[in-house]
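Okay, target-v3.cif now, which holds mmCIF, N, CA and C atoms:
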```cif
data_input
loop_
_atom_site.label_atom_id
_atom_site.label_comp_id
_atom_site.auth_asym_id
_atom_site.auth_seq_id
_atom_site.Cartn_x
_atom_site.Cartn_y
_atom_site.Cartn_z
N MET O 1 16.25 -27.66 -7.93
CA MET O 1 16.47 -27.19 -6.56
C MET O 1 15.16 -26.58 -6.07
N LYS O 2 14.71 -26.99 -4.91
CA LYS O 2 13.50 -26.44 -4.33
C LYS O 2 13.87 -25.29 -3.41
N VAL O 3 13.17 -24.20 -3.58
CA VAL O 3 13.41 -23.01 -2.77
C VAL O 3 12.07 -22.51 -2.24
N LYS O 4 12.14 -21.79 -1.13
CA LYS O 4 10.94 -21.28 -0.47
C LYS O 4 11.02 -19.77 -0.37
N CYS O 5 9.96 -19.09 -0.78
CA CYS O 5 9.90 -17.64 -0.69
C CYS O 5 9.87 -17.24 0.79
N THR O 6 10.67 -16.25 1.15
CA THR O 6 10.74 -15.85 2.55
C THR O 6 9.53 -15.06 3.02
N ILE O 7 8.76 -14.51 2.09
CA ILE O 7 7.60 -13.70 2.46
C ILE O 7 6.32 -14.53 2.50
N CYS O 8 6.03 -15.23 1.40
CA CYS O 8 4.73 -15.92 1.31
C CYS O 8 4.84 -17.44 1.52
N ASP O 9 6.03 -17.98 1.73
CA ASP O 9 6.27 -19.41 1.97
C ASP O 9 5.86 -20.29 0.80
N LYS O 10 5.85 -19.74 -0.40
CA LYS O 10 5.55 -20.51 -1.61
C LYS O 10 6.81 -21.28 -2.01
N ILE O 11 6.65 -22.54 -2.36
CA ILE O 11 7.78 -23.37 -2.76
C ILE O 11 7.85 -23.42 -4.28
N ASP O 12 9.03 -23.10 -4.83
CA ASP O 12 9.27 -23.10 -6.27
C ASP O 12 10.42 -24.04 -6.59
N ASP O 13 10.48 -24.46 -7.85
CA ASP O 13 11.59 -25.26 -8.35
C ASP O 13 12.46 -24.38 -9.23
N LEU O 14 13.75 -24.35 -8.93
CA LEU O 14 14.73 -23.65 -9.76
C LEU O 14 15.59 -24.68 -10.47
N ASP O 15 16.00 -24.34 -11.67
CA ASP O 15 16.95 -25.19 -12.37
C ASP O 15 18.24 -25.24 -11.56
N HIS O 16 18.75 -26.43 -11.34
CA HIS O 16 19.92 -26.62 -10.48
C HIS O 16 21.15 -25.88 -11.03
N ASP O 17 21.22 -25.69 -12.34
CA ASP O 17 22.37 -25.05 -12.95
C ASP O 17 22.17 -23.56 -13.20
N SER O 18 21.07 -22.99 -12.76
CA SER O 18 20.81 -21.58 -13.02
C SER O 18 21.68 -20.68 -12.14
N PHE O 19 21.82 -19.45 -12.58
CA PHE O 19 22.64 -18.48 -11.84
C PHE O 19 22.05 -18.20 -10.46
N GLN O 20 20.73 -18.10 -10.39
CA GLN O 20 20.09 -17.80 -9.11
C GLN O 20 20.26 -18.94 -8.12
N ALA O 21 20.19 -20.18 -8.58
CA ALA O 21 20.40 -21.33 -7.70
C ALA O 21 21.83 -21.36 -7.18
N LYS O 22 22.78 -21.07 -8.06
CA LYS O 22 24.18 -21.04 -7.65
C LYS O 22 24.42 -19.96 -6.60
N ARG O 23 23.81 -18.80 -6.81
CA ARG O 23 23.97 -17.70 -5.86
C ARG O 23 23.38 -18.07 -4.50
N LEU O 24 22.24 -18.75 -4.49
CA LEU O 24 21.63 -19.14 -3.22
C LEU O 24 22.45 -20.22 -2.51
N ARG O 25 23.07 -21.11 -3.26
CA ARG O 25 23.92 -22.14 -2.66
C ARG O 25 25.17 -21.54 -2.05
N ASN O 26 25.79 -20.60 -2.75
CA ASN O 26 27.07 -20.05 -2.31
C ASN O 26 26.95 -18.97 -1.25
N ARG O 27 25.84 -18.28 -1.22
CA ARG O 27 25.61 -17.24 -0.20
C ARG O 27 24.43 -17.65 0.65
N MET O 28 24.72 -18.25 1.76
CA MET O 28 23.66 -18.81 2.59
C MET O 28 22.76 -17.75 3.21
N ASN O 29 23.24 -16.51 3.35
CA ASN O 29 22.40 -15.49 3.96
C ASN O 29 21.53 -14.77 2.93
N SER O 30 21.61 -15.17 1.65
CA SER O 30 20.73 -14.59 0.63
C SER O 30 19.34 -15.17 0.78
N MET O 31 18.34 -14.40 0.41
CA MET O 31 16.98 -14.89 0.52
C MET O 31 16.35 -14.97 -0.86
N TYR O 32 15.41 -15.87 -1.02
CA TYR O 32 14.72 -16.06 -2.28
C TYR O 32 13.34 -15.43 -2.19
N LEU O 33 12.97 -14.67 -3.23
CA LEU O 33 11.63 -14.11 -3.34
C LEU O 33 11.00 -14.65 -4.62
N CYS O 34 9.77 -15.08 -4.52
CA CYS O 34 9.07 -15.54 -5.72
C CYS O 34 8.79 -14.35 -6.63
N LYS O 35 8.42 -14.62 -7.85
CA LYS O 35 8.20 -13.57 -8.85
C LYS O 35 7.11 -12.59 -8.41
N GLU O 36 6.03 -13.11 -7.82
CA GLU O 36 4.92 -12.24 -7.41
C GLU O 36 5.35 -11.29 -6.29
N CYS O 37 6.06 -11.81 -5.29
CA CYS O 37 6.51 -10.96 -4.18
C CYS O 37 7.53 -9.94 -4.66
N TYR O 38 8.44 -10.35 -5.52
CA TYR O 38 9.46 -9.45 -6.04
C TYR O 38 8.82 -8.30 -6.82
N ASP O 39 7.85 -8.63 -7.68
CA ASP O 39 7.16 -7.60 -8.46
C ASP O 39 6.35 -6.67 -7.57
N ARG O 40 5.71 -7.21 -6.53
CA ARG O 40 4.91 -6.39 -5.62
C ARG O 40 5.80 -5.41 -4.86
N ILE O 41 6.94 -5.86 -4.38
CA ILE O 41 7.85 -4.99 -3.64
C ILE O 41 8.43 -3.92 -4.56
N THR O 42 8.75 -4.29 -5.79
CA THR O 42 9.28 -3.34 -6.76
C THR O 42 8.27 -2.24 -7.05
N GLU O 43 7.02 -2.62 -7.28
CA GLU O 43 5.97 -1.64 -7.59
C GLU O 43 5.72 -0.71 -6.40
N LYS O 44 5.66 -1.26 -5.19
CA LYS O 44 5.41 -0.41 -4.02
C LYS O 44 6.57 0.54 -3.76
N THR O 45 7.80 0.10 -4.02
CA THR O 45 8.96 0.97 -3.85
C THR O 45 8.91 2.11 -4.85
N ARG O 46 8.54 1.82 -6.08
CA ARG O 46 8.41 2.87 -7.09
C ARG O 46 7.34 3.88 -6.70
N GLN O 47 6.23 3.41 -6.15
CA GLN O 47 5.16 4.32 -5.71
C GLN O 47 5.66 5.22 -4.58
N ARG O 48 6.42 4.67 -3.64
CA ARG O 48 6.95 5.48 -2.53
C ARG O 48 7.96 6.51 -3.05
N LEU O 49 8.78 6.13 -4.02
CA LEU O 49 9.72 7.08 -4.58
C LEU O 49 9.00 8.23 -5.26
N LYS O 50 7.91 7.95 -5.96
CA LYS O 50 7.15 8.99 -6.65
C LYS O 50 6.44 9.92 -5.67
N SER O 51 6.10 9.41 -4.47
CA SER O 51 5.38 10.23 -3.51
C SER O 51 6.25 11.37 -2.95
N GLY O 52 7.56 11.19 -2.97
CA GLY O 52 8.46 12.22 -2.48
C GLY O 52 8.73 12.13 -0.99
N LYS O 53 8.07 11.24 -0.29
CA LYS O 53 8.28 11.09 1.15
C LYS O 53 9.25 9.97 1.47
N PHE O 54 9.73 9.29 0.47
CA PHE O 54 10.62 8.15 0.66
C PHE O 54 12.00 8.53 0.16
N ARG O 55 13.01 8.31 0.98
CA ARG O 55 14.37 8.61 0.58
C ARG O 55 15.17 7.32 0.58
N LEU O 56 15.89 7.11 -0.47
CA LEU O 56 16.76 5.95 -0.58
C LEU O 56 18.18 6.44 -0.34
N TYR O 57 18.72 6.13 0.82
CA TYR O 57 20.05 6.60 1.19
C TYR O 57 21.09 5.71 0.52
N ARG O 58 21.82 6.29 -0.40
CA ARG O 58 22.86 5.56 -1.10
C ARG O 58 24.21 6.06 -0.63
N GLU O 59 25.19 5.20 -0.77
CA GLU O 59 26.53 5.54 -0.33
C GLU O 59 27.11 6.64 -1.21
N LYS O 60 27.62 7.68 -0.57
CA LYS O 60 28.21 8.78 -1.32
C LYS O 60 29.65 8.41 -1.68
N LYS O 61 29.97 8.60 -2.95
CA LYS O 61 31.32 8.29 -3.40
C LYS O 61 32.23 9.49 -3.18
N LYS O 62 33.41 9.20 -2.67
CA LYS O 62 34.38 10.25 -2.45
C LYS O 62 35.23 10.41 -3.71
N PRO O 63 35.61 11.64 -4.03
CA PRO O 63 36.45 11.83 -5.22
C PRO O 63 37.80 11.16 -5.05
N GLY O 64 38.29 10.58 -6.13
CA GLY O 64 39.58 9.88 -6.10
C GLY O 64 40.76 10.83 -6.02
N PRO O 65 41.95 10.31 -5.84
CA PRO O 65 43.15 11.16 -5.70
C PRO O 65 43.59 11.75 -7.02
N PHE O 66 43.02 11.39 -8.12
CA PHE O 66 43.43 11.87 -9.45
C PHE O 66 42.89 13.24 -9.72
#
```
Translate the structure described by the file into structure tokens.
Amino acid sequence: MKVKCTICDKIDDLDHDSFQAKRLRNRMNSMYLCKECYDRITEKTRQRLKSGKFRLYREKKKPGPF
């Protein structure tokens, strides 16, 4: 399966039976990132988290009825 990175427009081949290919086929609004772009975004996010000026807003869980 040929896929295109949404950031750098690099075209990669994925195994047709791989989990990632199946996920991209079944969820059309999912985007594919090549390994280089994914690693770059991960590293920059970690740097922002360490700086203390970046907040990652996560959903707050409410306590259950138990």
* Asked: Tell me, which residues of chain O carry DSSP alpha helix (DSSP H), written as a list in words?
  -> Phe19, Gln20, Ala21, Lys22, Arg23, Leu24, Arg25, Asn26, Lys35, Glu36, Cys37, Tyr38, Asp39, Arg40, Ile41, Thr42, Glu43, Lys44, Thr45, Arg46, Gln47, Arg48, Leu49, Lys50 and Ser51 of chain O
* To do: Just give me the gap between CA of Leu14 (chain O) and atom C of Lys2 (chain O) in Å, one decimal is fine.
  =>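 We find that CA of Leu14 (chain O) and atom C of Lys2 (chain O) lie 6.6 Å from each other.
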Output the residue selection produced by the PyMOL selection byres (((chain O and resi 37-54 and name CA) around 10) and name CA) on the file above, formatted as a compact mmCIF listing (two decimals) with N, CA and C atoms, in the coordinates of the input.
```txt
# COMPACT_ATOMS: atom_id res chain seq x y z
N CYS O 5 9.96 -19.09 -0.78
CA CYS O 5 9.90 -17.64 -0.69
C CYS O 5 9.87 -17.24 0.79
N THR O 6 10.67 -16.25 1.15
CA THR O 6 10.74 -15.85 2.55
C THR O 6 9.53 -15.06 3.02
N ILE O 7 8.76 -14.51 2.09
CA ILE O 7 7.60 -13.70 2.46
C ILE O 7 6.32 -14.53 2.50
N CYS O 8 6.03 -15.23 1.40
CA CYS O 8 4.73 -15.92 1.31
C CYS O 8 4.84 -17.44 1.52
N LYS O 10 5.85 -19.74 -0.40
CA LYS O 10 5.55 -20.51 -1.61
C LYS O 10 6.81 -21.28 -2.01
N TYR O 32 15.41 -15.87 -1.02
CA TYR O 32 14.72 -16.06 -2.28
C TYR O 32 13.34 -15.43 -2.19
N LEU O 33 12.97 -14.67 -3.23
CA LEU O 33 11.63 -14.11 -3.34
C LEU O 33 11.00 -14.65 -4.62
N CYS O 34 9.77 -15.08 -4.52
CA CYS O 34 9.07 -15.54 -5.72
C CYS O 34 8.79 -14.35 -6.63
N LYS O 35 8.42 -14.62 -7.85
CA LYS O 35 8.20 -13.57 -8.85
C LYS O 35 7.11 -12.59 -8.41
N GLU O 36 6.03 -13.11 -7.82
CA GLU O 36 4.92 -12.24 -7.41
C GLU O 36 5.35 -11.29 -6.29
N ARG O 55 13.01 8.31 0.98
CA ARG O 55 14.37 8.61 0.58
C ARG O 55 15.17 7.32 0.58
N LEU O 56 15.89 7.11 -0.47
CA LEU O 56 16.76 5.95 -0.58
C LEU O 56 18.18 6.44 -0.34
N TYR O 57 18.72 6.13 0.82
CA TYR O 57 20.05 6.60 1.19
C TYR O 57 21.09 5.71 0.52
```
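The two atoms in question, atom N of Asp17 (chain O) and atom N of Met1 (chain O), are spaced 6.9 Å apart.
In this structure, atom N of Lys22 (chain O) sits 11.1 Å away from atom N of Val3 (chain O).
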Around all the atoms of region 34-44 of chain O listed in the file, with 6 Å of room on each side, what axis-aligned box do you get, giving centre and edge lengths in Å to one decimal, as JSON?
```
{"center_x": 7.3, "center_y": -7.5, "center_z": -6.2, "size_x": 16.9, "size_y": 28.1, "size_z": 17.2}
```
Using DSSP on the backbone coordinates, identify all residues within chain O classified as strand (DSSP E or B); present the result as a CSV table (one decimal) with N, CA and C atoms, in the coordinates of the input.
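Listing of states.csv after writing:
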```csv
chain,number,residue,atom,x,y,z
O,2,LYS,N,14.7,-27.0,-4.9
O,2,LYS,CA,13.5,-26.4,-4.3
O,2,LYS,C,13.9,-25.3,-3.4
O,3,VAL,N,13.2,-24.2,-3.6
O,3,VAL,CA,13.4,-23.0,-2.8
O,3,VAL,C,12.1,-22.5,-2.2
O,4,LYS,N,12.1,-21.8,-1.1
O,4,LYS,CA,10.9,-21.3,-0.5
O,4,LYS,C,11.0,-19.8,-0.4
O,11,ILE,N,6.6,-22.5,-2.4
O,11,ILE,CA,7.8,-23.4,-2.8
O,11,ILE,C,7.8,-23.4,-4.3
O,12,ASP,N,9.0,-23.1,-4.8
O,12,ASP,CA,9.3,-23.1,-6.3
O,12,ASP,C,10.4,-24.0,-6.6
O,13,ASP,N,10.5,-24.5,-7.8
O,13,ASP,CA,11.6,-25.3,-8.4
O,13,ASP,C,12.5,-24.4,-9.2
```
